[in-house]
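Presented below is the structure to which this report refers.
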Number of protein chains: 2
Amino acid sequence: MTPKEIQGLKGFRDFFPEEFALRQHVFTAWRRVGARYGFAEYDGPPLESLDLYTKKSGDEIVGQLYHFVDKGGRPVALRPEMTPTFARMIASRASALPKPIRWFSIPQLFRYERPQRGRLREHFQLNMDIVGETDPLADAEIIAAAIDALRELGLDHTHIVARISDRQLLSAILNANEIPAAEHAIVFGALDKLEKEGPEAIRVLLQKAGLDSETSTRLLSLESASVEDLRAQYSEVEGVRVAADRVSTVISYLEAGGFGEYVRFDGSLVRGLAYYTGTVFEIWERSGKLRAVCGGGRYDDLLGALGGVHLPALGFGMGDVVLCELLKDLDLVPTEARRVEDYLICVTEAERAPALELARALRERGRRVTYDLRFRAVGKQLKAANQAGAARAIILGPDELARGVASVRDMTSGEVSERTLESLRKGDHH
Amino acid sequence: MTPKEIQGLKGFRDFFPEEFALRQHVFTAWRRVGARYGFAEYDGPPLESLDLYTKKSGDEIVGQLYHFVDKGGRPVALRPEMTPTFARMIASRASALPKPIRWFSIPQLFRYERPQRGRLREHFQLNMDIVGETDPLADAEIIAAAIDALRELGLDHTHIVARISDRQLLSAILNANEIPAAEHAIVFGALDKLEKEGPEAIRVLLQKAGLDSETSTRLLSLESASVEDLRAQYSEVEGVRVAADRVSTVISYLEAGGFGEYVRFDGSLVRGLAYYTGTVFEIWERSGKLRAVCGGGRYDDLLGALGGVHLPALGFGMGDVVLCELLKDLDLVPTEARRVEDYLICVTEAERAPALELARALRERGRRVTYDLRFRAVGKQLKAANQAGAARAIILGPDELARGVASVRDMTSGEVSERTLESLRKGDHH
């Protein structure tokens with residue numbers, strides 16, 4: 001029935017009430033966790049100067065952006081990520097804000113991805129960041145918050161695992177294996193696919209990159225190696241020792257905080273983005289069927305590069321799309337709260353005015369109230385009450401009103417009782 | 001300190017935590033009211049096909065839009081209003097949705113307004129709509145919800161008034177005054193400025209439009225006329241009678257619901273938008289210093305024109321900008337909730353692990369907890385607790401830990417007491 005010209009754009013979601021309820025369920029859980037960790041919520045504009053993004057990611061990002069020239073001749077873009085806006089806002093108040101800064105946001109982000117099945121062009125993302133602290137306790141804190149943002153939605157350690165490493169650990173190991181710096185990016189790229197494609201596929205990629213079989217095996221074993229294994233294996237390598245100590249400290253804090261079952265060291269973890277300088281982590285559904293639910297790490301140089309404010313920082317992004325798929329798979333989507341508690345029913349049109357007065361009193365007490373918006377037979381009104389999922393129907397008739405009472409029907413049990421209007425208004429004996 | 005190239009776009013707001021808190025205060029109040037009226041929340045994409053807007057408002061709207069051609073060659077625009085998206089979504093499920101449909105949304109909207117002081121290019125707007133009901137009770141319901149969306153924020157009848165009329169009433173009166181249909185738009189435009197510019201300025205406009213002094217006086221008197229005045233004055237005019245009956249019914253329902261002090265008939269009310277077909281209303285701060293806080297009405301033909309689904313409908317939009325100015329003027333901005341309840345303090349580094357364990361337990365109980373992210377002297381930690389506005393500091397020292405207790409300092413009174421860790425974890429005796 002819908003004419004073609006008024007369809008929504010491909011890759012953009014309509015949130016009908018049912019989908020909106022799930023989105024709101026996720027957002028409120030995230031907000032509760034943000035508050036419990038002492039983080040403050042912020043937001044920025046969805047439209048920013050194009051420069052803000054090319055400055056961080058170079059011109060190649062332009063191919064993925066919704067960008068245009070506005071009527072004032074300014075090149076602008078819909079935000080593809082929050083960090084540049086975050087950096088801009090921090091920079092504008094850097095000296096006034098007490099450190100460490102603990103902020104979170106839930107922006108909608110936009111990318112012009114090639115049309116692909118199930119590939120969206122917008123999504124929402126929880127961003128949490130700490131600015132102004134280099135101590136590994138900050139790294140543990142941000143990872144704990146990410147885990148709790150998922151636990152709050154009903155996920156536990158049987159569903160999810162946080163893989164943790166340190167960006168400098170892998171670099172030091174590649175150096176120790178005498179892989180030239182120029183080839184690190186290729187090796188990083190190959191290892192980044194390990195979780196998704198499995199060791200045999202990656203072995204082929206590493207061999208193509210010119211690594212001998214022995215080196216490839218050593219790198220592939222990183223996925224199952226413990227920090228202690230690497231300390232022993234590379235005991236002579238200063239860079240490995242320093243990074244291994246740091247990642248052990250982060251993990252030990254997480255264990256102390258009760259997150260031991262949720263975290264695992266994984267020396268093969270790469271995280272695509274070049275700007276990480278220390279801890280990196282990703283949270284995955286354990287079976288590995290879905291993409292990562294969350295990823296983040298430490299980016300001590302980025303705020304300086306973006307905003308001219310040299311402050312250490314770390315954070316993560318957690319998208320709503322993979323997460324909501326996961327919640328649906330695991331049957332963790334809550335049934336929607338009852339939209340209507342009280343459905344008011346008039347026996348004759350004369351009860352409309354007292355019904356409106358009662359509605360106001362019930363709503364003042366926070367109850368969710370509705371009623372037919374035109375006069376119909378009581379049977380039809382009761383049917384509408386039932387369809388609306390109301391908890392109770394409050395029936396106002398001329399005889400009852402004369403006695404100052406109403407009939408209250410429990411819509412689940414069908415039980416009917418009489419209540420004074422006074423007690424309904426005030427919520428007594430309920 | 002901020003380099004010029006990373007400033008935000010003019011007309012777009014950064015929501016630093018303090019501003020975000022006010023925005024969230026308004027949104028949660030709106031959501032509470034939506035729920036109490038049995039409305040379901042929805043959302044659509046901020047980017048839509050340009051057609052969706054030109055179809056409703058003609059090509060002249062393009063001058064006010066953020067629009068561009070996307071990488072797939074589609075003309076698209078950032079949404080300037082929600083109704084077209086609403087119409088599109090309703091149309092796509094029109095037969096499946098039980099009527100009346102009661103939906104609300106809080107979209108961010110975008111207009112490329114000419115740069116002017118204080119003029120924004122984005123704002124948020126509460127949109128509430130009812131679809132599928134022609135009874136005037138629906139009109140009263142939507143106006144009541146709009147008033148309650150403001151009452152929930154602390155505004156009362158001494159601050160605000162809803163001016164109510166009917167679009168067909170004014171048309172019928174112009175006809176009765178033998179003003180040619182071709183000149184109605186000019187007269188509407190002049191009367192629309194009455195509240196803002198006062199009667200003398202409007203008299204000049206009406207005279208320019210060719211109205212004689214007597215007719216002008218009659219039209220200007222509409223602002224203070226009662227429905228009964230108009231019924232008497234135009235007793236022979238069928239159109240006036242029908243519209244006057246309808247608007248009286250709406251107002252009488254609002255009076256029955258307890259909103260009598262909030263509403264006032266105003267026959268001079270126009271509402272700029274051409275698509276209104278019946279009831280129109282605006283809510284104003286009583287002094288009239290600010291623009292209208294809210295406006296809406298019945299648009300029974302619009303869904304048909306936009307989405308091909310012929311259903312009667314009505315609704316309103318309430319923006320956040322004027323409203324927040326008003327809340328600030330009236331000192332109705334709440335002081336921010338305490339961000340941190342418990343600040344954990346370690347006397348030596350050895351208490352870090354037990355502090356992390358305690359933090360987890362406290363957060364599990366929903367408490368807002370934070371602590372220093374690096375080890376410092378106790379005095380500095382206490383100072384940070386104070387700066388963070390914490391309600392209490394929980395101090396963990398080696399001697400206390402050995403006895404299974406901690407010192408708890410009330411940050412307001414300065415009083416210190418000893419509590420067992422067990423009771424802190426479980427929240428007993430609190």
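Just so we're on the same page: first chain in the structure tokens is A, next is B, and so on; residues restart at 1 for each chain, and ligands are numbered from 1 in the order they show up.
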
Compile the residues of chain B that lie within 7 Å of chain A, evaluated using only C-alpha atoms, and express the compilation as a ChimeraX atom specification. /B:2,6-9,12-17,20,35-38,40-45,48-49,52,66,68,70,88,91-92,135,137-138,253,256-258,307-308,339-340,353,356-357,360,363,366-370,373-374

Output C-alpha atoms for every residue in that selection, as an mmCIF file, in the first residue's frame.
```
data_model
loop_
_atom_site.group_PDB
_atom_site.id
_atom_site.type_symbol
_atom_site.label_atom_id
_atom_site.label_comp_id
_atom_site.auth_asym_id
_atom_site.auth_seq_id
_atom_site.Cartn_x
_atom_site.Cartn_y
_atom_site.Cartn_z
ATOM 1 C CA THR B 2 41.550 25.312 20.671
ATOM 2 C CA ILE B 6 38.292 21.905 15.312
ATOM 3 C CA GLN B 7 35.461 24.139 16.436
ATOM 4 C CA GLY B 8 31.908 22.853 16.279
ATOM 5 C CA LEU B 9 29.513 24.126 13.613
ATOM 6 C CA PHE B 12 24.856 23.176 16.853
ATOM 7 C CA ARG B 13 25.083 22.533 20.557
ATOM 8 C CA ASP B 14 27.674 20.647 22.539
ATOM 9 C CA PHE B 15 25.997 19.073 25.549
ATOM 10 C CA PHE B 16 28.612 19.137 28.278
ATOM 11 C CA PRO B 17 27.547 17.114 31.339
ATOM 12 C CA PHE B 20 23.155 17.126 29.155
ATOM 13 C CA ALA B 35 3.685 6.630 29.510
ATOM 14 C CA ARG B 36 0.956 7.949 31.811
ATOM 15 C CA TYR B 37 -1.189 8.791 28.804
ATOM 16 C CA GLY B 38 -0.656 5.300 27.360
ATOM 17 C CA ALA B 40 4.269 4.338 22.972
ATOM 18 C CA GLU B 41 7.633 5.828 22.010
ATOM 19 C CA TYR B 42 9.035 5.403 18.483
ATOM 20 C CA ASP B 43 11.850 6.911 16.428
ATOM 21 C CA GLY B 44 12.813 7.154 12.786
ATOM 22 C CA PRO B 45 16.036 7.954 10.947
ATOM 23 C CA GLU B 48 15.312 10.707 4.877
ATOM 24 C CA SER B 49 14.630 11.053 1.169
ATOM 25 C CA LEU B 52 9.397 13.122 1.856
ATOM 26 C CA TYR B 66 20.278 20.381 5.177
ATOM 27 C CA PHE B 68 22.535 16.714 -0.355
ATOM 28 C CA ASP B 70 24.270 10.733 -1.234
ATOM 29 C CA ARG B 88 5.652 7.106 6.438
ATOM 30 C CA ALA B 91 1.445 4.145 6.352
ATOM 31 C CA SER B 92 3.729 1.108 6.285
ATOM 32 C CA ASP B 135 -14.006 12.725 18.399
ATOM 33 C CA LEU B 137 -12.159 13.976 23.191
ATOM 34 C CA ALA B 138 -8.995 13.110 21.262
ATOM 35 C CA TYR B 253 -13.407 18.192 28.393
ATOM 36 C CA ALA B 256 -13.550 18.339 33.377
ATOM 37 C CA GLY B 257 -10.018 16.930 33.463
ATOM 38 C CA GLY B 258 -8.887 19.728 35.752
ATOM 39 C CA GLY B 307 1.381 8.415 2.988
ATOM 40 C CA GLY B 308 -1.733 7.467 1.070
ATOM 41 C CA ARG B 339 27.285 11.924 40.723
ATOM 42 C CA VAL B 340 29.219 9.937 43.319
ATOM 43 C CA ALA B 353 42.437 -5.386 45.736
ATOM 44 C CA LEU B 356 38.093 -3.201 44.001
ATOM 45 C CA GLU B 357 36.154 -6.099 45.473
ATOM 46 C CA ARG B 360 32.005 -4.277 42.706
ATOM 47 C CA ARG B 363 27.895 -1.178 42.375
ATOM 48 C CA GLY B 366 23.272 0.180 42.329
ATOM 49 C CA ARG B 367 25.456 2.611 44.267
ATOM 50 C CA ARG B 368 27.510 5.206 42.399
ATOM 51 C CA VAL B 369 31.097 4.438 43.313
ATOM 52 C CA THR B 370 34.458 5.830 42.353
ATOM 53 C CA LEU B 373 42.884 5.654 39.686
ATOM 54 C CA ARG B 374 46.428 5.881 41.038
#
```

DSSP on the backbone: what in region 158-226 of chain A comes out alpha helix (DSSP H), as number ranges by chain? A: 167-176, 181-192, 194-197, 199-208, 213-220

Could you take the residues named above and write them with N, CA and C atoms, as a compact mmCIF listing (two decimals), in the first residue's frame?
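Dumped everything to out.txt:
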```
# COMPACT_ATOMS: atom_id res chain seq x y z
N ARG A 167 49.11 -3.20 22.92
CA ARG A 167 49.55 -2.96 21.56
C ARG A 167 51.07 -3.06 21.42
N GLN A 168 51.78 -2.65 22.47
CA GLN A 168 53.24 -2.65 22.38
C GLN A 168 53.84 -4.04 22.57
N LEU A 169 53.04 -4.95 23.15
CA LEU A 169 53.52 -6.32 23.33
C LEU A 169 53.72 -6.98 21.97
N LEU A 170 52.71 -6.87 21.10
CA LEU A 170 52.78 -7.51 19.80
C LEU A 170 53.90 -6.89 18.95
N SER A 171 54.02 -5.57 19.02
CA SER A 171 55.11 -4.91 18.27
C SER A 171 56.46 -5.45 18.71
N ALA A 172 56.64 -5.56 20.03
CA ALA A 172 57.92 -6.03 20.56
C ALA A 172 58.19 -7.47 20.12
N ILE A 173 57.14 -8.28 20.07
CA ILE A 173 57.30 -9.68 19.66
C ILE A 173 57.65 -9.75 18.17
N LEU A 174 57.03 -8.95 17.36
CA LEU A 174 57.37 -8.95 15.93
C LEU A 174 58.83 -8.53 15.74
N ASN A 175 59.24 -7.50 16.48
CA ASN A 175 60.65 -7.10 16.41
C ASN A 175 61.57 -8.23 16.82
N ALA A 176 61.23 -8.90 17.92
CA ALA A 176 62.07 -10.00 18.41
C ALA A 176 62.15 -11.12 17.40
N ALA A 181 59.92 -3.64 10.34
CA ALA A 181 58.83 -2.73 10.73
C ALA A 181 57.86 -2.49 9.57
N ALA A 182 58.39 -2.45 8.35
CA ALA A 182 57.55 -2.18 7.18
C ALA A 182 56.48 -3.25 6.99
N GLU A 183 56.74 -4.46 7.53
CA GLU A 183 55.77 -5.55 7.34
C GLU A 183 54.82 -5.73 8.51
N HIS A 184 55.02 -4.95 9.57
CA HIS A 184 54.17 -5.11 10.75
C HIS A 184 52.69 -4.96 10.42
N ALA A 185 52.40 -3.97 9.59
CA ALA A 185 50.98 -3.68 9.28
C ALA A 185 50.32 -4.90 8.63
N ILE A 186 51.05 -5.57 7.73
CA ILE A 186 50.49 -6.75 7.05
C ILE A 186 50.24 -7.87 8.07
N VAL A 187 51.23 -8.07 8.95
CA VAL A 187 51.09 -9.13 9.95
C VAL A 187 49.95 -8.80 10.92
N PHE A 188 49.88 -7.53 11.35
CA PHE A 188 48.76 -7.10 12.20
C PHE A 188 47.44 -7.42 11.51
N GLY A 189 47.35 -7.07 10.23
CA GLY A 189 46.13 -7.29 9.47
C GLY A 189 45.74 -8.76 9.42
N ALA A 190 46.75 -9.62 9.25
CA ALA A 190 46.48 -11.06 9.19
C ALA A 190 46.00 -11.55 10.56
N LEU A 191 46.71 -11.19 11.62
CA LEU A 191 46.34 -11.67 12.97
C LEU A 191 44.97 -11.14 13.39
N ASP A 192 44.62 -9.97 12.90
CA ASP A 192 43.33 -9.37 13.22
C ASP A 192 42.17 -10.26 12.76
N LEU A 194 42.30 -13.56 12.84
CA LEU A 194 42.48 -14.89 13.42
C LEU A 194 41.21 -15.41 14.09
N GLU A 195 40.58 -14.58 14.91
CA GLU A 195 39.39 -15.01 15.64
C GLU A 195 38.28 -15.41 14.68
N LYS A 196 38.20 -14.68 13.57
CA LYS A 196 37.11 -14.87 12.61
C LYS A 196 37.38 -16.03 11.66
N GLU A 197 38.62 -16.16 11.17
CA GLU A 197 38.88 -17.10 10.07
C GLU A 197 39.64 -18.35 10.46
N PRO A 199 43.13 -20.48 12.42
CA PRO A 199 44.59 -20.47 12.26
C PRO A 199 45.07 -20.88 10.86
N GLU A 200 44.38 -21.80 10.20
CA GLU A 200 44.92 -22.28 8.92
C GLU A 200 44.86 -21.19 7.86
N ALA A 201 43.75 -20.45 7.84
CA ALA A 201 43.63 -19.34 6.88
C ALA A 201 44.70 -18.28 7.14
N ILE A 202 44.96 -18.05 8.41
CA ILE A 202 45.93 -17.00 8.75
C ILE A 202 47.36 -17.44 8.44
N ARG A 203 47.63 -18.74 8.64
CA ARG A 203 48.95 -19.27 8.29
C ARG A 203 49.27 -18.98 6.81
N VAL A 204 48.27 -19.18 5.96
CA VAL A 204 48.46 -18.90 4.53
C VAL A 204 48.80 -17.42 4.32
N LEU A 205 48.06 -16.54 5.00
CA LEU A 205 48.31 -15.10 4.87
C LEU A 205 49.72 -14.74 5.33
N LEU A 206 50.16 -15.34 6.44
CA LEU A 206 51.49 -15.02 6.99
C LEU A 206 52.58 -15.51 6.05
N GLN A 207 52.36 -16.68 5.46
CA GLN A 207 53.36 -17.19 4.51
C GLN A 207 53.43 -16.29 3.29
N LYS A 208 52.27 -15.84 2.80
CA LYS A 208 52.26 -14.89 1.68
C LYS A 208 53.05 -13.64 2.02
N SER A 213 57.74 -20.83 8.18
CA SER A 213 56.76 -21.67 8.86
C SER A 213 56.91 -21.60 10.38
N GLU A 214 58.17 -21.59 10.82
CA GLU A 214 58.44 -21.57 12.26
C GLU A 214 57.92 -20.28 12.91
N THR A 215 58.24 -19.14 12.26
CA THR A 215 57.77 -17.84 12.77
C THR A 215 56.24 -17.78 12.77
N SER A 216 55.63 -18.26 11.70
CA SER A 216 54.17 -18.27 11.63
C SER A 216 53.59 -19.06 12.80
N THR A 217 54.14 -20.21 13.07
CA THR A 217 53.66 -21.05 14.17
C THR A 217 53.79 -20.30 15.49
N ARG A 218 54.95 -19.64 15.67
CA ARG A 218 55.15 -18.88 16.92
C ARG A 218 54.08 -17.79 17.07
N LEU A 219 53.80 -17.09 15.97
CA LEU A 219 52.81 -16.01 16.06
C LEU A 219 51.40 -16.57 16.28
N LEU A 220 51.10 -17.67 15.60
CA LEU A 220 49.76 -18.25 15.78
C LEU A 220 49.57 -18.77 17.20
```

Shell around region 241-246 of chain A at 8 Å using only C-alpha atoms, local window under 5 positions removed, as a list of chain:residue names: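 Neighbouring residues, sequence-local ones excluded: A:Pro136, A:Asp166, A:Gln168, A:Leu169, A:Val227, A:Leu230, A:Arg231, A:Tyr234, A:Ser235, A:Gly278.
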
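These are the residues of region 74-211 of chain B assigned strand (DSSP E) by DSSP from backbone coordinates: Pro75, Val76, Ala77, Leu78, Ile101, Arg102, Trp103, Phe104, Ser105, Gln108, Leu109, Phe110, Glu122, His123, Phe124, Gln125, Leu126, Asn127, Met128, Asp129, Ile130, Val131, Ile160, Val161, Ala162, Arg163, Ile164, Ser165 and Asp166 of chain B.
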